[in-house]
Every structure is written in structure tokens, then in C-alpha cells.
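Just below is one structure, and these are the notes that go with it.
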Amino acid sequence: MARKQNDDLLIEDELAAAFLNDDDLAVTETTTVAAPADEAWDDTEEEFPGQLAVDVYETEDKLVVKARTAGVNKEELDVSISDGILTVSGTLSSGDETDATNWHIQECYWGEFSRTLALPVSVKEDEVEAVLKDGVLSITFNKVKQEQAKKIQVL
């Protein structure tokens, strides 16, 4: 197969060939792969909010949860904890109230998001700090000190 000007990009026939076995290759080289007309872009709105990606780590005395929330105002964030379950939810607004009727590419997620997770260690739920800085939400908890097991003398 001959490549077009940009060797880094696969042309349609090469892309189709990558997913077919050798028996199908002879037919594929002279055909163009295209989605049938009845399989148009599905623009139905999802009913579920997007899921927020998080990093969770601990230091000797703290548990830290971090999430990228670029583009979210702190007024649009809801952070809560109950019985060791942390919930972070909010709305990501594009700020563009366009009346676009024909999207060509839409890769950015806009809308509601939520994440609920069980914290991996016991924390002092009343000693928490949540800071939104440079598009990163950092939630820091003080850990509950675990007592060392005490030796019980058997009489």
C-alpha cells in the first residue's frame, strides 16, 4: 500500500487493513470504509454524570485526595463526607452557550460530574481542609491514630 504525504498518519485503507485478517485484505484494498448512513452520530444525552478521576495517597499523619477540576468554580463544587464515604460532585460549564447544530469534534466533557469513594483509612471527619487551586481540588484529612495492640497477660 502506498502512503500519502504524511507517513505518520494511516490512510483509510491501511486503518481498515489493521483490523482485518489477510483473507479480507485483498477486498479491503479497493474499498473505502465508511459508516452506514443509518448509524449517524448518536447525540442522545447521557443520563449519568461524568466520573471524576482522583488520586488518593497518605502521609504519616494525613490522607490526601486530589482531583483535576479545571474550569469548575468553587461555588459549583459540592464536597461531603459521611461515615468514611467521600463524595465530590459539581458542574463543569464550557462558558459557551452556543447554538451549534453540527459538531465536528467534541472531546471535552461538559456537565455534571460526581465521584463517591470509601476512604482507605480512618480519618477525623471534622478536621478536613478542601482547597481549589490552579484547577486542582485538594482535600486533606487528619488520620485517626491507630493504637498498637496491647499484650494481654493470660492468667
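Here's how to read the names in the C-alpha cells: chain A, B, ... by the order shown, residue numbers from 1 in each chain, ligand numbers from 1 in the order shown.
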Leaving out Asp78 (chain A) and any residue of its chain fewer than 5 positions from it, which residues lie within 7 Å of it when counting only C-alpha atoms, given as a ChimeraX atom specification?
/A:88-90
So which residues touch Ser82 (chain A) within 12 Å, counting only C-alpha atoms, skipping near sequence neighbours fewer than 2 positions away, as a ChimeraX atom specification?
/A:79-80,84-88,116-119,122-126
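Between Asn142 (chain A) and the residues A:Glu60, A:Asp99, A:Glu76, A:Asp55, the shortest atom-to-atom distance, using only C-alpha atoms, involves A:Glu60.
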Taking 3 positions as the minimum chain separation for residues in the same chain, which residues sit within 8 Å of Leu137 (chain A) when counting only C-alpha atoms? Answer as a list in words.
Lys66, Ala67, Arg68, Thr69, Ala130, Val131, Leu132 and Lys133 of chain A
Restricted to N, CA and C atoms, what would the selected residues look like written as a PDB file, in the first residue's frame?
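Here's the written file part-v3.pdb:
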ATOM      1  N   LYS A  66      -6.860  14.156  45.701  1.00  0.00           N
ATOM      2  CA  LYS A  66      -6.697  15.233  44.721  1.00  0.00           C
ATOM      3  C   LYS A  66      -7.481  14.891  43.465  1.00  0.00           C
ATOM      4  N   ALA A  67      -8.067  15.932  42.865  1.00  0.00           N
ATOM      5  CA  ALA A  67      -8.832  15.754  41.632  1.00  0.00           C
ATOM      6  C   ALA A  67      -8.637  16.958  40.732  1.00  0.00           C
ATOM      7  N   ARG A  68      -8.482  16.702  39.437  1.00  0.00           N
ATOM      8  CA  ARG A  68      -8.399  17.801  38.471  1.00  0.00           C
ATOM      9  C   ARG A  68      -9.802  18.330  38.241  1.00  0.00           C
ATOM     10  N   THR A  69      -9.993  19.590  38.538  1.00  0.00           N
ATOM     11  CA  THR A  69     -11.304  20.204  38.369  1.00  0.00           C
ATOM     12  C   THR A  69     -11.176  21.519  37.604  1.00  0.00           C
ATOM     13  N   ALA A 130     -10.352  21.588  52.376  1.00  0.00           N
ATOM     14  CA  ALA A 130     -10.544  21.451  50.928  1.00  0.00           C
ATOM     15  C   ALA A 130     -10.105  22.752  50.270  1.00  0.00           C
ATOM     16  N   VAL A 131      -9.166  22.651  49.328  1.00  0.00           N
ATOM     17  CA  VAL A 131      -8.615  23.825  48.668  1.00  0.00           C
ATOM     18  C   VAL A 131      -8.687  23.606  47.154  1.00  0.00           C
ATOM     19  N   LEU A 132      -9.190  24.605  46.445  1.00  0.00           N
ATOM     20  CA  LEU A 132      -9.209  24.587  44.984  1.00  0.00           C
ATOM     21  C   LEU A 132      -8.187  25.608  44.507  1.00  0.00           C
ATOM     22  N   LYS A 133      -7.126  25.103  43.870  1.00  0.00           N
ATOM     23  CA  LYS A 133      -6.062  25.991  43.403  1.00  0.00           C
ATOM     24  C   LYS A 133      -5.547  25.496  42.059  1.00  0.00           C
TER      25      LYS A 133
END
At what distance in Å, to one decimal, does CA of Lys74 (chain A) lie from CA of Phe113 (chain A)?
13.8 Å
